[in-house]
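Next comes structure_38.pdb, a file with PDB, C-alpha atoms and all ligand atoms.
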ATOM      1  CA  MET A   1       0.000   0.000   0.000  1.00  0.00           C
ATOM      2  CA  ALA A   2       2.687   2.490   1.098  1.00  0.00           C
ATOM      3  CA  ASN A   3       4.693   1.328  -1.883  1.00  0.00           C
ATOM      4  CA  ASP A   4       1.796   2.053  -4.239  1.00  0.00           C
ATOM      5  CA  ILE A   5       1.492   5.570  -2.830  1.00  0.00           C
ATOM      6  CA  LEU A   6       5.194   6.169  -3.338  1.00  0.00           C
ATOM      7  CA  LYS A   7       5.012   4.768  -6.866  1.00  0.00           C
ATOM      8  CA  SER A   8       2.120   7.030  -7.837  1.00  0.00           C
ATOM      9  CA  LEU A   9       3.834  10.037  -6.260  1.00  0.00           C
ATOM     10  CA  LEU A  10       6.981   9.268  -8.226  1.00  0.00           C
ATOM     11  CA  ARG A  11       4.930   9.075 -11.402  1.00  0.00           C
ATOM     12  CA  GLU A  12       3.582  12.543 -10.577  1.00  0.00           C
ATOM     13  CA  TYR A  13       7.136  13.747 -10.003  1.00  0.00           C
ATOM     14  CA  GLU A  14       8.249  12.341 -13.333  1.00  0.00           C
ATOM     15  CA  GLN A  15       5.404  14.184 -15.034  1.00  0.00           C
ATOM     16  CA  LYS A  16       6.291  17.442 -13.238  1.00  0.00           C
ATOM     17  CA  LYS A  17       9.897  17.077 -14.337  1.00  0.00           C
ATOM     18  CA  ILE A  18       8.874  16.392 -17.936  1.00  0.00           C
ATOM     19  CA  ASN A  19       6.533  19.424 -17.879  1.00  0.00           C
ATOM     20  CA  ALA A  20       9.295  21.666 -16.546  1.00  0.00           C
ATOM     21  CA  GLU A  21      11.602  20.480 -19.312  1.00  0.00           C
ATOM     22  CA  LEU A  22       8.968  20.830 -22.040  1.00  0.00           C
ATOM     23  CA  ASN A  23       8.251  24.318 -20.793  1.00  0.00           C
ATOM     24  CA  LEU A  24      11.941  25.123 -21.107  1.00  0.00           C
ATOM     25  CA  GLU A  25      12.018  23.797 -24.674  1.00  0.00           C
ATOM     26  CA  GLU A  26       9.071  26.036 -25.509  1.00  0.00           C
ATOM     27  CA  ARG A  27      10.779  29.082 -23.995  1.00  0.00           C
ATOM     28  CA  LYS A  28      13.987  28.242 -25.831  1.00  0.00           C
ATOM     29  CA  LYS A  29      12.163  28.079 -29.165  1.00  0.00           C
ATOM     30  CA  ASN A  30      10.671  31.521 -28.575  1.00  0.00           C
ATOM     31  CA  MET A  31      14.024  32.957 -27.583  1.00  0.00           C
ATOM     32  CA  TYR A  32      15.772  31.455 -30.616  1.00  0.00           C
ATOM     33  CA  SER A  33      13.314  33.153 -32.946  1.00  0.00           C
ATOM     34  CA  LEU A  34      13.701  36.460 -31.106  1.00  0.00           C
ATOM     35  CA  PHE A  35      17.495  36.238 -30.785  1.00  0.00           C
ATOM     36  CA  PRO A  36      18.992  33.915 -33.473  1.00  0.00           C
ATOM     37  CA  ARG A  37      22.465  34.346 -31.975  1.00  0.00           C
ATOM     38  CA  LEU A  38      21.280  32.314 -28.970  1.00  0.00           C
ATOM     39  CA  LEU A  39      20.560  29.356 -31.247  1.00  0.00           C
ATOM     40  CA  GLU A  40      24.044  29.642 -32.773  1.00  0.00           C
ATOM     41  CA  ILE A  41      25.607  29.692 -29.302  1.00  0.00           C
ATOM     42  CA  ASP A  42      23.627  26.692 -28.081  1.00  0.00           C
ATOM     43  CA  THR A  43      24.404  24.716 -31.236  1.00  0.00           C
ATOM     44  CA  GLU A  44      28.085  25.489 -30.817  1.00  0.00           C
ATOM     45  CA  LEU A  45      28.017  24.571 -27.137  1.00  0.00           C
ATOM     46  CA  SER A  46      26.482  21.173 -27.791  1.00  0.00           C
ATOM     47  CA  SER A  47      28.838  20.385 -30.679  1.00  0.00           C
ATOM     48  CA  LEU A  48      31.803  21.384 -28.503  1.00  0.00           C
ATOM     49  CA  GLY A  49      30.592  18.898 -25.917  1.00  0.00           C
ATOM     50  CA  ILE A  50      30.374  16.077 -28.451  1.00  0.00           C
ATOM     51  CA  ASN A  51      33.717  16.930 -30.061  1.00  0.00           C
ATOM     52  CA  SER A  52      35.483  17.103 -26.719  1.00  0.00           C
ATOM     53  CA  ALA A  53      34.205  13.673 -25.713  1.00  0.00           C
ATOM     54  CA  LYS A  54      35.467  12.258 -29.043  1.00  0.00           C
ATOM     55  CA  ALA A  55      38.839  14.010 -28.717  1.00  0.00           C
ATOM     56  CA  ILE A  56      39.418  12.751 -25.185  1.00  0.00           C
ATOM     57  CA  LEU A  57      38.557   9.198 -26.206  1.00  0.00           C
ATOM     58  CA  ASN A  58      40.874   9.328 -29.229  1.00  0.00           C
ATOM     59  CA  ASN A  59      43.754  11.084 -27.562  1.00  0.00           C
ATOM     60  CA  PRO A  60      43.653  10.762 -23.753  1.00  0.00           C
ATOM     61  CA  GLU A  61      47.291  12.026 -23.276  1.00  0.00           C
ATOM     62  CA  ASN A  62      46.571  15.496 -24.605  1.00  0.00           C
ATOM     63  CA  SER A  63      43.204  15.749 -22.952  1.00  0.00           C
ATOM     64  CA  SER A  64      44.226  18.132 -20.152  1.00  0.00           C
ATOM     65  CA  GLU A  65      45.572  20.830 -22.534  1.00  0.00           C
ATOM     66  CA  TYR A  66      42.583  20.325 -24.768  1.00  0.00           C
ATOM     67  CA  TYR A  67      40.249  20.650 -21.818  1.00  0.00           C
ATOM     68  CA  LYS A  68      41.728  23.996 -20.795  1.00  0.00           C
ATOM     69  CA  LYS A  69      41.206  25.493 -24.246  1.00  0.00           C
ATOM     70  CA  LEU A  70      37.758  24.028 -24.460  1.00  0.00           C
ATOM     71  CA  ASN A  71      36.711  25.405 -21.088  1.00  0.00           C
ATOM     72  CA  ILE A  72      37.804  28.900 -22.093  1.00  0.00           C
ATOM     73  CA  LYS A  73      35.771  28.629 -25.281  1.00  0.00           C
ATOM     74  CA  ILE A  74      32.733  27.309 -23.437  1.00  0.00           C
ATOM     75  CA  SER A  75      32.795  29.989 -20.752  1.00  0.00           C
ATOM     76  CA  LYS A  76      33.135  32.709 -23.418  1.00  0.00           C
ATOM     77  CA  LEU A  77      30.060  31.403 -25.195  1.00  0.00           C
ATOM     78  CA  LYS A  78      28.141  31.111 -21.927  1.00  0.00           C
ATOM     79  CA  ASP A  79      29.061  34.678 -21.012  1.00  0.00           C
ATOM     80  CA  GLU A  80      27.865  35.913 -24.364  1.00  0.00           C
ATOM     81  CA  LYS A  81      24.592  34.068 -23.908  1.00  0.00           C
ATOM     82  CA  LYS A  82      24.128  35.477 -20.410  1.00  0.00           C
ATOM     83  CA  ASN A  83      24.803  38.995 -21.681  1.00  0.00           C
ATOM     84  CA  ILE A  84      22.208  38.679 -24.430  1.00  0.00           C
ATOM     85  CA  LEU A  85      19.629  37.564 -21.860  1.00  0.00           C
ATOM     86  CA  LEU A  86      20.438  40.277 -19.307  1.00  0.00           C
ATOM     87  CA  LYS A  87      20.654  43.026 -21.919  1.00  0.00           C
ATOM     88  CA  ASN A  88      17.134  42.161 -23.073  1.00  0.00           C
ATOM     89  CA  GLY A  89      15.623  42.049 -19.591  1.00  0.00           C
ATOM     90  CA  TYR A  90      15.660  38.272 -19.037  1.00  0.00           C
ATOM     91  CA  PRO A  91      17.173  36.618 -15.949  1.00  0.00           C
ATOM     92  CA  ALA A  92      20.570  34.971 -16.446  1.00  0.00           C
ATOM     93  CA  ASP A  93      19.081  31.568 -15.582  1.00  0.00           C
ATOM     94  CA  PHE A  94      16.248  31.879 -18.107  1.00  0.00           C
ATOM     95  CA  PHE A  95      17.542  28.815 -19.924  1.00  0.00           C
ATOM     96  CA  THR A  96      17.096  26.482 -16.970  1.00  0.00           C
ATOM     97  CA  PRO A  97      13.945  24.495 -16.192  1.00  0.00           C
ATOM     98  CA  VAL A  98      11.627  25.873 -13.506  1.00  0.00           C
ATOM     99  CA  TYR A  99      11.137  23.001 -11.083  1.00  0.00           C
ATOM    100  CA  GLU A 100       8.587  22.926  -8.301  1.00  0.00           C
ATOM    101  CA  CYS A 101      11.393  21.863  -5.955  1.00  0.00           C
ATOM    102  CA  ASN A 102      14.867  23.117  -6.711  1.00  0.00           C
ATOM    103  CA  ASN A 103      16.415  20.770  -4.148  1.00  0.00           C
ATOM    104  CA  CYS A 104      15.583  17.577  -5.991  1.00  0.00           C
ATOM    105  CA  LYS A 105      14.719  19.062  -9.396  1.00  0.00           C
ATOM    106  CA  ASP A 106      11.391  17.238  -9.134  1.00  0.00           C
ATOM    107  CA  THR A 107      12.973  13.812  -8.885  1.00  0.00           C
ATOM    108  CA  GLY A 108      11.981  13.321  -5.219  1.00  0.00           C
ATOM    109  CA  TYR A 109      15.539  12.395  -4.236  1.00  0.00           C
ATOM    110  CA  VAL A 110      18.696  14.302  -3.400  1.00  0.00           C
ATOM    111  CA  VAL A 111      22.331  13.201  -3.524  1.00  0.00           C
ATOM    112  CA  ASP A 112      24.677  14.530  -0.831  1.00  0.00           C
ATOM    113  CA  ASN A 113      28.409  15.254  -1.095  1.00  0.00           C
ATOM    114  CA  ASN A 114      29.226  11.620  -0.319  1.00  0.00           C
ATOM    115  CA  PHE A 115      26.983  10.454  -3.161  1.00  0.00           C
ATOM    116  CA  ASN A 116      24.392   9.093  -0.741  1.00  0.00           C
ATOM    117  CA  THR A 117      20.872   9.296  -2.103  1.00  0.00           C
ATOM    118  CA  SER A 118      18.044  10.256   0.233  1.00  0.00           C
ATOM    119  CA  MET A 119      14.419  11.229  -0.062  1.00  0.00           C
ATOM    120  CA  CYS A 120      13.883  14.973  -0.563  1.00  0.00           C
ATOM    121  CA  SER A 121      11.917  16.834   2.118  1.00  0.00           C
ATOM    122  CA  CYS A 122       9.219  17.715  -0.456  1.00  0.00           C
ATOM    123  CA  LEU A 123       8.491  14.024  -1.117  1.00  0.00           C
ATOM    124  CA  LYS A 124       8.615  13.202   2.613  1.00  0.00           C
ATOM    125  CA  GLN A 125       6.065  15.952   3.271  1.00  0.00           C
ATOM    126  CA  LYS A 126       3.754  14.624   0.540  1.00  0.00           C
ATOM    127  CA  LEU A 127       3.892  11.121   2.031  1.00  0.00           C
ATOM    128  CA  LEU A 128       3.142  12.543   5.495  1.00  0.00           C
ATOM    129  CA  ASP A 129       0.181  14.547   4.168  1.00  0.00           C
ATOM    130  CA  ILE A 130      -1.266  11.462   2.492  1.00  0.00           C
ATOM    131  CA  SER A 131      -0.904   9.246   5.564  1.00  0.00           C
ATOM    132  CA  PHE A 132      -2.393  12.003   7.758  1.00  0.00           C
ATOM    133  CA  ASN A 133      -5.439  12.353   5.475  1.00  0.00           C
ATOM    134  CA  LYS A 134      -5.795   8.588   5.337  1.00  0.00           C
ATOM    135  CA  SER A 135      -5.859   8.290   9.110  1.00  0.00           C
ATOM    136  CA  ILE A 136      -8.578  10.948   9.276  1.00  0.00           C
ATOM    137  CA  MET A 137     -10.616   9.146   6.610  1.00  0.00           C
ATOM    138  CA  TYR A 138     -10.126   5.835   8.410  1.00  0.00           C
ATOM    139  CA  GLY A 139     -11.410   7.438  11.621  1.00  0.00           C
ATOM    140  CA  LEU A 140     -14.479   8.741   9.775  1.00  0.00           C
ATOM    141  CA  LYS A 141     -15.364   5.254   8.567  1.00  0.00           C
ATOM    142  CA  LYS A 142     -15.684   4.047  12.144  1.00  0.00           C
ATOM    143  CA  GLU A 143     -16.636   7.220  13.924  1.00  0.00           C
ATOM    144  CA  ASN A 144     -19.697   8.761  12.306  1.00  0.00           C
ATOM    145  CA  PHE A 145     -23.364   9.422  13.063  1.00  0.00           C
ATOM    146  CA  ASP A 146     -24.427   6.019  11.660  1.00  0.00           C
ATOM    147  CA  ASN A 147     -22.599   4.397  14.553  1.00  0.00           C
ATOM    148  CA  PHE A 148     -23.838   6.866  17.108  1.00  0.00           C
ATOM    149  CA  ASN A 149     -25.264   5.079  20.140  1.00  0.00           C
ATOM    150  CA  GLU A 150     -27.012   7.209  22.746  1.00  0.00           C
ATOM    151  CA  ASN A 151     -27.498   4.129  24.943  1.00  0.00           C
ATOM    152  CA  TYR A 152     -24.000   4.607  26.274  1.00  0.00           C
ATOM    153  CA  PHE A 153     -25.437   7.604  28.119  1.00  0.00           C
ATOM    154  CA  SER A 154     -27.606   7.307  31.178  1.00  0.00           C
ATOM    155  CA  ASP A 155     -31.318   8.010  30.933  1.00  0.00           C
ATOM    156  CA  GLU A 156     -31.365   9.150  34.547  1.00  0.00           C
ATOM    157  CA  VAL A 157     -31.961  12.791  35.464  1.00  0.00           C
ATOM    158  CA  ASP A 158     -29.750  13.626  38.423  1.00  0.00           C
ATOM    159  CA  LEU A 159     -29.009  17.284  38.912  1.00  0.00           C
ATOM    160  CA  SER A 160     -26.473  16.811  41.705  1.00  0.00           C
ATOM    161  CA  LYS A 161     -24.547  14.121  39.785  1.00  0.00           C
ATOM    162  CA  TYR A 162     -24.665  15.467  36.197  1.00  0.00           C
ATOM    163  CA  LYS A 163     -25.194  19.197  36.889  1.00  0.00           C
ATOM    164  CA  PHE A 164     -28.044  19.163  34.351  1.00  0.00           C
ATOM    165  CA  ASN A 165     -31.794  19.050  34.741  1.00  0.00           C
ATOM    166  CA  ILE A 166     -32.010  16.687  31.771  1.00  0.00           C
ATOM    167  CA  SER A 167     -30.551  13.191  31.458  1.00  0.00           C
ATOM    168  CA  PRO A 168     -27.100  12.712  29.855  1.00  0.00           C
ATOM    169  CA  ARG A 169     -28.865  10.809  27.086  1.00  0.00           C
ATOM    170  CA  LYS A 170     -31.193  13.704  26.323  1.00  0.00           C
ATOM    171  CA  ASN A 171     -28.196  16.035  26.500  1.00  0.00           C
ATOM    172  CA  ILE A 172     -26.100  14.021  24.033  1.00  0.00           C
ATOM    173  CA  LEU A 173     -29.079  13.758  21.647  1.00  0.00           C
ATOM    174  CA  ASN A 174     -29.382  17.564  21.758  1.00  0.00           C
ATOM    175  CA  ILE A 175     -25.682  17.861  20.978  1.00  0.00           C
ATOM    176  CA  LYS A 176     -26.010  15.363  18.123  1.00  0.00           C
ATOM    177  CA  ASN A 177     -28.894  17.370  16.611  1.00  0.00           C
ATOM    178  CA  GLN A 178     -26.949  20.584  16.877  1.00  0.00           C
ATOM    179  CA  CYS A 179     -23.988  18.952  15.120  1.00  0.00           C
ATOM    180  CA  ILE A 180     -26.229  17.684  12.321  1.00  0.00           C
ATOM    181  CA  ASN A 181     -27.775  21.145  11.941  1.00  0.00           C
ATOM    182  CA  PHE A 182     -24.319  22.648  11.861  1.00  0.00           C
ATOM    183  CA  ILE A 183     -23.309  20.316   8.990  1.00  0.00           C
ATOM    184  CA  LYS A 184     -26.557  20.997   7.100  1.00  0.00           C
ATOM    185  CA  ASN A 185     -26.038  24.750   7.403  1.00  0.00           C
ATOM    186  CA  PHE A 186     -22.311  24.680   6.861  1.00  0.00           C
ATOM    187  CA  ASP A 187     -22.520  26.958   3.796  1.00  0.00           C
ATOM    188  CA  ASN A 188     -24.804  29.426   5.538  1.00  0.00           C
ATOM    189  CA  LEU A 189     -22.739  32.464   6.532  1.00  0.00           C
ATOM    190  CA  GLU A 190     -25.208  33.243   9.349  1.00  0.00           C
ATOM    191  CA  SER A 191     -24.642  29.933  11.126  1.00  0.00           C
ATOM    192  CA  LYS A 192     -22.344  29.991  14.151  1.00  0.00           C
ATOM    193  CA  ASN A 193     -19.291  27.868  14.844  1.00  0.00           C
ATOM    194  CA  LEU A 194     -19.219  24.851  17.120  1.00  0.00           C
ATOM    195  CA  LEU A 195     -16.922  24.851  20.122  1.00  0.00           C
ATOM    196  CA  PHE A 196     -16.158  21.633  21.971  1.00  0.00           C
ATOM    197  CA  THR A 197     -14.648  21.988  25.396  1.00  0.00           C
ATOM    198  CA  GLY A 198     -13.689  19.483  28.053  1.00  0.00           C
ATOM    199  CA  ALA A 199     -10.824  18.039  30.022  1.00  0.00           C
ATOM    200  CA  THR A 200      -7.656  17.135  28.110  1.00  0.00           C
ATOM    201  CA  GLY A 201      -7.839  13.715  26.466  1.00  0.00           C
ATOM    202  CA  LEU A 202     -11.632  13.574  26.249  1.00  0.00           C
ATOM    203  CA  ARG A 203     -13.292  13.309  22.908  1.00  0.00           C
TER     204      ARG A 203
HETATM  205 ZN    ZN B 301      12.222  18.042  -3.576  1.00  0.00          ZN
END
What is this file in structure tokens?
Ligand SMILES: [Zn+2]
Amino acid sequence: MANDILKSLLREYEQKKINAELNLEERKKNMYSLFPRLLEIDTELSSLGINSAKAILNNPENSSEYYKKLNIKISKLKDEKKNILLKNGYPADFFTPVYECNNCKDTGYVVDNNFNTSMCSCLKQKLLDISFNKSIMYGLKKENFDNFNENYFSDEVDLSKYKFNISPRKNILNIKNQCINFIKNFDNLESKNLLFTGATGLR
């Protein structure tokens, strides 16, 4: 059961992540048509990445020198891209996906400095919310007016014992009716709130 909940939450997370990435693609497309230089830069950046991987594989000895040159080229291109964005009133990180949770980038998990993976606080909170709601719903299945039994309350009127001039049973039936009326008139702005008071631990 708990596993099913986690699985369906992770499916939701996957969808959120995909949506964030699709949204980025859409924004990119718009930006490329507005500023064609951005498309040139991005194309160059991705081809540099592919070429560098090939070069390192083919010639591992010279890779460090090659890397240095490559990094300079890449950071120049990235700077140019950032400048285009800023100059035109866009944030410098406009070309990154907007995730609901930046900690886990909508994956539900985070990796620490020692490469240990743990559940992100956003996913933990969602699981807690679900189990909390479930426990309330479970309580409602057992504890509702259909199972109400006034016979637990005495039918005896005893002012000195119960401090009421009606029996506890009559009293609880009055309370029950008031609760039902409260529910029926829940949407009525004129209706008043209910306040339950009593010693700690009573319900
Ligand atoms: Zn998260």
Top pick for closest residue to Asn102 in chain A, considering A:Ala20, A:Tyr66, A:Ile5, A:Asn147 and counting all atoms listed in the file
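Under the stated criterion, the closest residue is A:Ala20.
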All residues having an atom within 9 Å of ligand ZN 301 (chain B) (only C-alpha atoms and all ligand atoms) as a list of chain:residue names
A:Glu100, A:Cys101, A:Asn102, A:Asn103, A:Cys104, A:Lys105, A:Asp106, A:Thr107, A:Gly108, A:Tyr109, A:Val110, A:Met119, A:Cys120, A:Ser121, A:Cys122, A:Leu123, A:Lys124
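In this model, the gap between CA of Glu150 in chain A and CA of Arg169 in chain A comes to 5.9 Å.
The two atoms in question, CA of Ser52 in chain A and CA of Glu65 in chain A, are spaced 11.5 Å apart.
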Starting from the PyMOL selection byres (((chain A and resi 70) around 12) and not hetatm), expand the selection into actual residues of this file and give them as a ChimeraX atom specification.
/A:44-45,47-53,55-56,63-69,71-77
With the PyMOL selection byres (((chain A and resi 193-198) around 12) and not hetatm) as the selection, what would be picked from this file? Answer as a list in words, please.
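Taken on the displayed file, the PyMOL selection byres (((chain A and resi 193-198) around 12) and not hetatm) yields the residues Ile175, Lys176, Gln178, Cys179, Ile180, Asn181, Phe182, Ile183, Asn185, Phe186, Asp187, Asn188, Leu189, Glu190, Ser191, Lys192, Ala199, Thr200, Gly201, Leu202 and Arg203 of chain A.
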Enclosing box along x, y and z for every listed atom of range 22-38 of chain A, padded 4 Å each side, centre and size in Å, one decimal, as JSON:
{"center_x": 15.4, "center_y": 28.6, "center_z": -27.1, "size_x": 22.2, "size_y": 23.6, "size_z": 20.7}
Could you spell out the hits of the PyMOL selection byres (((chain A and resi 17) around 10) and not hetatm) on the shown file, as a PDB file with C-alpha atoms, in the coordinates of the input?
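Produced file selection.pdb, reproduced below:
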ATOM      1  CA  ARG A  11       4.930   9.075 -11.402  1.00  0.00           C
ATOM      2  CA  GLU A  12       3.582  12.543 -10.577  1.00  0.00           C
ATOM      3  CA  TYR A  13       7.136  13.747 -10.003  1.00  0.00           C
ATOM      4  CA  GLU A  14       8.249  12.341 -13.333  1.00  0.00           C
ATOM      5  CA  GLN A  15       5.404  14.184 -15.034  1.00  0.00           C
ATOM      6  CA  LYS A  16       6.291  17.442 -13.238  1.00  0.00           C
ATOM      7  CA  ILE A  18       8.874  16.392 -17.936  1.00  0.00           C
ATOM      8  CA  ASN A  19       6.533  19.424 -17.879  1.00  0.00           C
ATOM      9  CA  ALA A  20       9.295  21.666 -16.546  1.00  0.00           C
ATOM     10  CA  GLU A  21      11.602  20.480 -19.312  1.00  0.00           C
ATOM     11  CA  LEU A  22       8.968  20.830 -22.040  1.00  0.00           C
ATOM     12  CA  ASN A  23       8.251  24.318 -20.793  1.00  0.00           C
ATOM     13  CA  PRO A  97      13.945  24.495 -16.192  1.00  0.00           C
ATOM     14  CA  VAL A  98      11.627  25.873 -13.506  1.00  0.00           C
ATOM     15  CA  TYR A  99      11.137  23.001 -11.083  1.00  0.00           C
ATOM     16  CA  GLU A 100       8.587  22.926  -8.301  1.00  0.00           C
ATOM     17  CA  CYS A 101      11.393  21.863  -5.955  1.00  0.00           C
ATOM     18  CA  LYS A 105      14.719  19.062  -9.396  1.00  0.00           C
ATOM     19  CA  ASP A 106      11.391  17.238  -9.134  1.00  0.00           C
ATOM     20  CA  THR A 107      12.973  13.812  -8.885  1.00  0.00           C
TER      21      THR A 107
END
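Between CA of Leu85 in chain A and CA of Leu34 in chain A there is a distance of 11.0 Å.
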Which residue of A:Gln125, A:Leu10, A:Phe94, A:Asn58 approaches Asn30 in chain A most closely, using only C-alpha atoms
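Of all the options, A:Phe94 lies closest to Asn30 in chain A.
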For Tyr32 in chain A: contacts at 12 Å, only C-alpha atoms, fewer than 5 positions along chain excluded, given as JSON, numbers by chain
{"A": [25, 26, 27, 37, 38, 39, 40, 41, 42, 43, 81, 84, 85, 95]}
Please, which residues are within 6 Å of (-33.4, 12.8, 34.0) by the file's coordinates, counting only C-alpha atoms, and could they come as an NGL selection string?
:A and (156-158 or 166-167)
What does the file look like for those residues with C-alpha atoms, as an mmCIF file, keeping the file's coordinate frame?
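Output file part_19.cif follows:
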data_model
loop_
_atom_site.group_PDB
_atom_site.id
_atom_site.type_symbol
_atom_site.label_atom_id
_atom_site.label_comp_id
_atom_site.auth_asym_id
_atom_site.auth_seq_id
_atom_site.Cartn_x
_atom_site.Cartn_y
_atom_site.Cartn_z
ATOM 1 C CA GLU A 156 -31.365 9.150 34.547
ATOM 2 C CA VAL A 157 -31.961 12.791 35.464
ATOM 3 C CA ASP A 158 -29.750 13.626 38.423
ATOM 4 C CA ILE A 166 -32.010 16.687 31.771
ATOM 5 C CA SER A 167 -30.551 13.191 31.458
#
